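The structure file upload-v7.cif is reproduced below (mmCIF, N, CA and C atoms).
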data_upload
loop_
_atom_site.label_atom_id
_atom_site.label_comp_id
_atom_site.auth_asym_id
_atom_site.auth_seq_id
_atom_site.Cartn_x
_atom_site.Cartn_y
_atom_site.Cartn_z
N MET A 1221 -76.58 159.10 -13.02
CA MET A 1221 -76.22 158.50 -14.29
C MET A 1221 -76.13 156.99 -14.12
N PRO A 1222 -76.67 156.25 -15.08
CA PRO A 1222 -76.59 154.78 -14.99
C PRO A 1222 -75.20 154.25 -15.31
N ILE A 1223 -74.94 153.07 -14.82
CA ILE A 1223 -73.68 152.38 -15.08
C ILE A 1223 -73.99 151.22 -16.02
N TYR A 1224 -73.30 151.17 -17.15
CA TYR A 1224 -73.51 150.14 -18.15
C TYR A 1224 -72.32 149.19 -18.17
N ALA A 1225 -72.61 147.92 -18.41
CA ALA A 1225 -71.55 146.91 -18.53
C ALA A 1225 -71.23 146.72 -20.01
N TYR A 1226 -69.94 146.77 -20.33
CA TYR A 1226 -69.47 146.57 -21.71
C TYR A 1226 -68.51 145.39 -21.73
N ALA A 1227 -68.43 144.72 -22.90
CA ALA A 1227 -67.48 143.62 -23.08
C ALA A 1227 -66.96 143.66 -24.51
N CYS A 1228 -65.69 143.33 -24.65
CA CYS A 1228 -65.06 143.26 -25.97
C CYS A 1228 -65.03 141.80 -26.39
N SER A 1229 -65.56 141.52 -27.59
CA SER A 1229 -65.58 140.14 -28.07
C SER A 1229 -64.23 139.69 -28.63
N THR A 1230 -63.30 140.63 -28.87
CA THR A 1230 -61.99 140.27 -29.39
C THR A 1230 -61.01 139.91 -28.28
N CYS A 1231 -60.82 140.84 -27.33
CA CYS A 1231 -59.81 140.61 -26.29
C CYS A 1231 -60.41 140.12 -24.96
N GLY A 1232 -61.75 140.19 -24.81
CA GLY A 1232 -62.39 139.69 -23.60
C GLY A 1232 -62.46 140.69 -22.47
N LEU A 1233 -62.10 141.94 -22.72
CA LEU A 1233 -62.15 142.97 -21.67
C LEU A 1233 -63.60 143.20 -21.24
N ARG A 1234 -63.80 143.24 -19.94
CA ARG A 1234 -65.12 143.57 -19.39
C ARG A 1234 -64.94 144.81 -18.53
N GLN A 1235 -65.84 145.80 -18.73
CA GLN A 1235 -65.69 147.08 -18.05
C GLN A 1235 -67.06 147.69 -17.79
N ASP A 1236 -67.22 148.33 -16.64
CA ASP A 1236 -68.42 149.09 -16.30
C ASP A 1236 -68.14 150.56 -16.60
N VAL A 1237 -69.08 151.21 -17.29
CA VAL A 1237 -68.89 152.60 -17.70
C VAL A 1237 -70.11 153.41 -17.27
N MET A 1238 -69.85 154.57 -16.61
CA MET A 1238 -70.92 155.46 -16.22
C MET A 1238 -71.18 156.43 -17.38
N GLN A 1239 -72.41 156.40 -17.90
CA GLN A 1239 -72.76 157.23 -19.04
C GLN A 1239 -74.14 157.83 -18.83
N LYS A 1240 -74.40 158.93 -19.51
CA LYS A 1240 -75.75 159.48 -19.55
C LYS A 1240 -76.59 158.57 -20.43
N MET A 1241 -77.89 158.59 -20.20
CA MET A 1241 -78.77 157.77 -21.04
C MET A 1241 -78.79 158.28 -22.48
N SER A 1242 -78.53 159.56 -22.65
CA SER A 1242 -78.55 160.14 -23.99
C SER A 1242 -77.24 159.94 -24.75
N ASP A 1243 -76.16 159.49 -24.08
CA ASP A 1243 -74.88 159.25 -24.75
C ASP A 1243 -74.98 158.05 -25.69
N ALA A 1244 -74.24 158.12 -26.80
CA ALA A 1244 -74.18 157.01 -27.74
C ALA A 1244 -73.39 155.86 -27.11
N PRO A 1245 -73.78 154.61 -27.41
CA PRO A 1245 -73.04 153.47 -26.86
C PRO A 1245 -71.59 153.45 -27.37
N LEU A 1246 -70.69 153.00 -26.52
CA LEU A 1246 -69.28 152.88 -26.91
C LEU A 1246 -69.11 151.69 -27.85
N THR A 1247 -68.23 151.82 -28.81
CA THR A 1247 -67.97 150.72 -29.75
C THR A 1247 -66.49 150.36 -29.83
N THR A 1248 -65.60 151.29 -29.49
CA THR A 1248 -64.16 151.05 -29.58
C THR A 1248 -63.64 150.55 -28.24
N CYS A 1249 -62.98 149.41 -28.25
CA CYS A 1249 -62.41 148.83 -27.03
C CYS A 1249 -61.21 149.66 -26.57
N PRO A 1250 -61.17 150.07 -25.29
CA PRO A 1250 -60.02 150.84 -24.81
C PRO A 1250 -58.75 149.99 -24.68
N GLU A 1251 -58.86 148.68 -24.65
CA GLU A 1251 -57.71 147.80 -24.49
C GLU A 1251 -57.05 147.47 -25.83
N CYS A 1252 -57.84 146.96 -26.80
CA CYS A 1252 -57.26 146.52 -28.07
C CYS A 1252 -57.52 147.49 -29.22
N GLY A 1253 -58.45 148.44 -29.04
CA GLY A 1253 -58.73 149.46 -30.05
C GLY A 1253 -59.64 149.00 -31.19
N LYS A 1254 -60.17 147.79 -31.12
CA LYS A 1254 -61.05 147.30 -32.18
C LYS A 1254 -62.49 147.72 -31.91
N GLU A 1255 -63.30 147.67 -32.96
CA GLU A 1255 -64.70 148.09 -32.88
C GLU A 1255 -65.61 146.95 -32.41
N THR A 1256 -65.19 146.19 -31.43
CA THR A 1256 -65.96 145.04 -30.95
C THR A 1256 -66.40 145.22 -29.49
N PHE A 1257 -66.45 146.45 -29.01
CA PHE A 1257 -66.86 146.76 -27.64
C PHE A 1257 -68.37 146.94 -27.66
N ALA A 1258 -69.10 146.12 -26.92
CA ALA A 1258 -70.57 146.15 -26.97
C ALA A 1258 -71.16 146.19 -25.56
N LYS A 1259 -72.31 146.84 -25.47
CA LYS A 1259 -73.04 146.94 -24.21
C LYS A 1259 -73.67 145.58 -23.89
N GLN A 1260 -73.58 145.18 -22.63
CA GLN A 1260 -74.11 143.90 -22.18
C GLN A 1260 -75.46 144.10 -21.50
N LEU A 1261 -76.31 143.10 -21.56
CA LEU A 1261 -77.58 143.12 -20.87
C LEU A 1261 -77.37 142.62 -19.45
N THR A 1262 -77.75 143.41 -18.46
CA THR A 1262 -77.56 143.03 -17.07
C THR A 1262 -78.87 143.13 -16.33
N ALA A 1263 -78.92 142.53 -15.14
CA ALA A 1263 -80.11 142.57 -14.30
C ALA A 1263 -80.24 143.93 -13.63
N ALA A 1264 -81.46 144.25 -13.24
CA ALA A 1264 -81.69 145.52 -12.54
C ALA A 1264 -80.93 145.53 -11.23
N GLY A 1265 -80.40 146.67 -10.87
CA GLY A 1265 -79.57 146.77 -9.68
C GLY A 1265 -80.26 147.40 -8.50
N PHE A 1266 -81.52 147.03 -8.23
CA PHE A 1266 -82.18 147.57 -7.05
C PHE A 1266 -83.03 146.49 -6.40
N GLN A 1267 -83.30 146.68 -5.11
CA GLN A 1267 -84.18 145.79 -4.37
C GLN A 1267 -85.13 146.64 -3.57
N LEU A 1268 -86.35 146.17 -3.44
CA LEU A 1268 -87.32 146.85 -2.59
C LEU A 1268 -87.10 146.36 -1.16
N LYS A 1269 -86.83 147.28 -0.27
CA LYS A 1269 -86.57 146.91 1.12
C LYS A 1269 -87.53 147.65 2.02
N GLY A 1270 -87.75 147.11 3.20
CA GLY A 1270 -88.63 147.74 4.16
C GLY A 1270 -89.96 147.02 4.24
N SER A 1271 -90.77 147.44 5.16
CA SER A 1271 -92.07 146.79 5.33
C SER A 1271 -93.01 147.23 4.22
N GLY A 1272 -93.86 146.34 3.81
CA GLY A 1272 -94.85 146.67 2.81
C GLY A 1272 -94.50 146.23 1.41
N TYR A 1273 -93.29 145.76 1.16
CA TYR A 1273 -92.91 145.29 -0.16
C TYR A 1273 -92.74 143.78 -0.11
N TYR A 1274 -93.50 143.09 -0.92
CA TYR A 1274 -93.43 141.64 -0.94
C TYR A 1274 -93.25 141.16 -2.38
N VAL A 1275 -92.68 140.01 -2.54
CA VAL A 1275 -92.43 139.44 -3.85
C VAL A 1275 -93.76 139.21 -4.58
N THR A 1276 -94.80 138.87 -3.85
CA THR A 1276 -96.07 138.52 -4.46
C THR A 1276 -96.95 139.73 -4.75
N ASP A 1277 -96.54 140.93 -4.39
CA ASP A 1277 -97.36 142.12 -4.65
C ASP A 1277 -97.54 142.32 -6.15
N PHE A 1278 -98.75 142.58 -6.57
CA PHE A 1278 -99.10 142.93 -7.94
C PHE A 1278 -98.81 141.82 -8.95
N LYS A 1279 -98.64 140.58 -8.53
CA LYS A 1279 -98.37 139.51 -9.48
C LYS A 1279 -99.64 139.06 -10.19
N GLY A 1280 -100.74 139.01 -9.48
CA GLY A 1280 -101.98 138.57 -10.09
C GLY A 1280 -102.98 139.71 -10.10
N GLY A 1281 -104.12 139.44 -10.61
CA GLY A 1281 -105.17 140.44 -10.60
C GLY A 1281 -105.87 140.45 -9.25
N PRO A 1282 -106.99 141.13 -9.17
CA PRO A 1282 -107.73 141.13 -7.91
C PRO A 1282 -108.26 139.74 -7.61
N LYS A 1283 -108.33 139.40 -6.34
CA LYS A 1283 -108.78 138.08 -5.92
C LYS A 1283 -110.29 137.98 -6.13
N LYS A 1284 -110.71 136.87 -6.71
CA LYS A 1284 -112.13 136.63 -6.91
C LYS A 1284 -112.63 135.77 -5.76
N PRO A 1285 -113.88 135.96 -5.34
CA PRO A 1285 -114.40 135.15 -4.24
C PRO A 1285 -114.45 133.68 -4.64
N ASP A 1286 -114.21 132.83 -3.67
CA ASP A 1286 -114.18 131.40 -3.89
C ASP A 1286 -115.59 130.89 -4.12
N ALA A 1287 -115.78 129.97 -5.06
CA ALA A 1287 -117.10 129.44 -5.38
C ALA A 1287 -117.66 128.63 -4.21
N LYS A 1288 -116.81 127.99 -3.42
CA LYS A 1288 -117.29 127.20 -2.28
C LYS A 1288 -117.88 128.10 -1.20
N SER A 1289 -117.31 129.28 -0.98
CA SER A 1289 -117.83 130.16 0.06
C SER A 1289 -119.18 130.74 -0.33
N GLU A 1290 -119.44 130.88 -1.65
CA GLU A 1290 -120.72 131.40 -2.10
C GLU A 1290 -121.81 130.33 -2.00
N ALA A 1291 -121.46 129.05 -2.04
CA ALA A 1291 -122.43 127.97 -2.03
C ALA A 1291 -123.07 127.78 -0.66
N LYS A 1292 -122.44 128.22 0.41
CA LYS A 1292 -122.96 128.02 1.76
C LYS A 1292 -123.15 129.35 2.48
N PRO A 1293 -124.09 130.20 2.05
CA PRO A 1293 -124.24 131.49 2.71
C PRO A 1293 -124.90 131.38 4.08
N ASP A 1294 -125.66 130.29 4.37
CA ASP A 1294 -126.35 130.18 5.65
C ASP A 1294 -125.52 129.48 6.71
N ALA A 1295 -124.31 129.09 6.42
CA ALA A 1295 -123.45 128.41 7.38
C ALA A 1295 -123.05 129.39 8.48
N THR A 1296 -123.14 128.93 9.71
CA THR A 1296 -122.76 129.78 10.85
C THR A 1296 -121.43 129.33 11.39
N PRO A 1297 -120.61 130.25 11.86
CA PRO A 1297 -119.32 129.85 12.40
C PRO A 1297 -119.50 129.08 13.70
N ALA A 1298 -118.57 128.19 13.99
CA ALA A 1298 -118.62 127.40 15.21
C ALA A 1298 -118.41 128.32 16.41
N PRO A 1299 -119.13 128.10 17.52
CA PRO A 1299 -118.95 128.94 18.70
C PRO A 1299 -117.57 128.74 19.30
N ALA A 1300 -117.05 129.81 19.87
CA ALA A 1300 -115.73 129.75 20.50
C ALA A 1300 -115.82 128.93 21.77
N PRO A 1301 -114.77 128.16 22.12
CA PRO A 1301 -114.80 127.40 23.37
C PRO A 1301 -114.83 128.34 24.56
N ALA A 1302 -115.48 127.89 25.60
CA ALA A 1302 -115.60 128.72 26.81
C ALA A 1302 -114.24 128.87 27.45
N ALA A 1303 -113.93 130.09 27.87
CA ALA A 1303 -112.65 130.35 28.51
C ALA A 1303 -112.74 129.95 29.98
N SER A 1304 -111.71 129.26 30.45
CA SER A 1304 -111.70 128.89 31.87
C SER A 1304 -111.29 130.10 32.69
N THR A 1305 -111.77 130.15 33.90
CA THR A 1305 -111.45 131.27 34.77
C THR A 1305 -110.64 130.80 35.96
N ALA A 1306 -109.74 131.60 36.37
CA ALA A 1306 -108.94 131.31 37.55
C ALA A 1306 -109.74 131.72 38.78
N SER A 1307 -109.18 131.54 39.97
CA SER A 1307 -109.89 131.88 41.20
C SER A 1307 -110.17 133.37 41.29
N SER A 1308 -109.41 134.21 40.57
CA SER A 1308 -109.63 135.65 40.63
C SER A 1308 -110.74 136.09 39.68
N GLY A 1309 -111.26 135.18 38.84
CA GLY A 1309 -112.31 135.52 37.90
C GLY A 1309 -111.78 135.98 36.56
N CYS A 1310 -110.47 136.00 36.36
CA CYS A 1310 -109.87 136.41 35.09
C CYS A 1310 -109.71 135.20 34.20
N PRO A 1311 -109.81 135.39 32.90
CA PRO A 1311 -109.58 134.25 32.00
C PRO A 1311 -108.16 133.72 32.15
N ALA A 1312 -108.01 132.42 32.00
CA ALA A 1312 -106.70 131.79 32.13
C ALA A 1312 -105.84 132.14 30.93
N LYS A 1313 -104.56 132.32 31.16
CA LYS A 1313 -103.61 132.61 30.10
C LYS A 1313 -102.61 131.47 30.04
N SER A 1314 -102.19 131.13 28.83
CA SER A 1314 -101.17 130.12 28.70
C SER A 1314 -99.90 130.76 28.16
N PHE A 1315 -98.78 130.36 28.70
CA PHE A 1315 -97.49 130.90 28.31
C PHE A 1315 -96.62 129.76 27.82
N ALA A 1316 -95.69 130.07 26.94
CA ALA A 1316 -94.78 129.07 26.44
C ALA A 1316 -93.78 128.63 27.52
N ALA A 1317 -93.38 129.56 28.35
CA ALA A 1317 -92.44 129.27 29.43
C ALA A 1317 -92.94 129.97 30.68
N PRO A 1318 -92.78 129.37 31.86
CA PRO A 1318 -93.24 130.03 33.08
C PRO A 1318 -92.44 131.31 33.35
N VAL A 1319 -93.13 132.26 33.91
CA VAL A 1319 -92.48 133.52 34.25
C VAL A 1319 -91.91 133.37 35.66
N THR A 1320 -90.65 133.68 35.82
CA THR A 1320 -90.02 133.59 37.14
C THR A 1320 -89.64 134.98 37.58
N SER A 1321 -89.76 135.21 38.83
CA SER A 1321 -89.34 136.50 39.37
C SER A 1321 -88.07 136.26 40.17
N GLY A 1322 -87.03 136.74 39.70
CA GLY A 1322 -85.73 136.57 40.35
C GLY A 1322 -84.76 137.57 39.78
N THR A 1323 -83.70 137.76 40.46
CA THR A 1323 -82.68 138.69 39.97
C THR A 1323 -81.63 137.92 39.23
N ALA A 1324 -81.15 138.51 38.22
CA ALA A 1324 -80.14 137.83 37.41
C ALA A 1324 -78.77 138.37 37.68
#

Show me this structure written as structure tokens.
Amino acid sequence: MPIYAYACSTCGLRQDVMQKMSDAPLTTCPECGKETFAKQLTAAGFQLKGSGYYVTDFKGGPKKPDAKSEAKPDATPAPAPAASTASSGCPAKSFAAPVTSGTA
């Protein structure tokens, strides 16, 4: 069952009420008894969590190919730089920090 926010314009009472969607909206304030109790408009109370849900999903239509990429169909990609080899014949690897072998 959804929870609806209500407010009374006479006494200022604010209250959340759990109601069925088929129930009629409340109009009588439980605090002052006047017919000024009204349902408030609130934001949706859910968030998409987990991998695969992004804010930008489904915002635009399908992506159209760029006009610049269509203008140069015969362009070839630049060759990759040659990998240097160590004395063992393996390609060299670069690390952000040196690996140390020691006990902690």

The PyMOL selection byres (((chain A and resi 1260-1267 and name CA) around 6) and name CA) - which residues does that actually catch in the file I just gave you? List them as a PDB file with N, CA and C atoms, in the coordinates of the input.
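Saved file selection-v3.pdb follows:
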ATOM      1  N   ALA A1225     -72.610 147.920 -18.410  1.00  0.00           N
ATOM      2  CA  ALA A1225     -71.550 146.910 -18.530  1.00  0.00           C
ATOM      3  C   ALA A1225     -71.230 146.720 -20.010  1.00  0.00           C
ATOM      4  N   TYR A1226     -69.940 146.770 -20.330  1.00  0.00           N
ATOM      5  CA  TYR A1226     -69.470 146.570 -21.710  1.00  0.00           C
ATOM      6  C   TYR A1226     -68.510 145.390 -21.730  1.00  0.00           C
ATOM      7  N   LYS A1259     -72.310 146.840 -25.470  1.00  0.00           N
ATOM      8  CA  LYS A1259     -73.040 146.940 -24.210  1.00  0.00           C
ATOM      9  C   LYS A1259     -73.670 145.580 -23.890  1.00  0.00           C
ATOM     10  N   LEU A1268     -86.350 146.170  -3.440  1.00  0.00           N
ATOM     11  CA  LEU A1268     -87.320 146.850  -2.590  1.00  0.00           C
ATOM     12  C   LEU A1268     -87.100 146.360  -1.160  1.00  0.00           C
TER      13      LEU A1268
END

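Reported to one decimal place, the separation of atom C of Asp1236 in chain A from atom C of Glu1251 in chain A is 14.8 Å.
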
Problem set entry | Point-to-point distance in Å for CA of Leu1246 in chain A and atom N of Leu1233 in chain A | 13.7 Å

Exercise. Do you have the CA of Thr1248 in chain A-CA of Pro1222 in chain A distance handy?
Worked result: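 So the answer is 19.5 Å.
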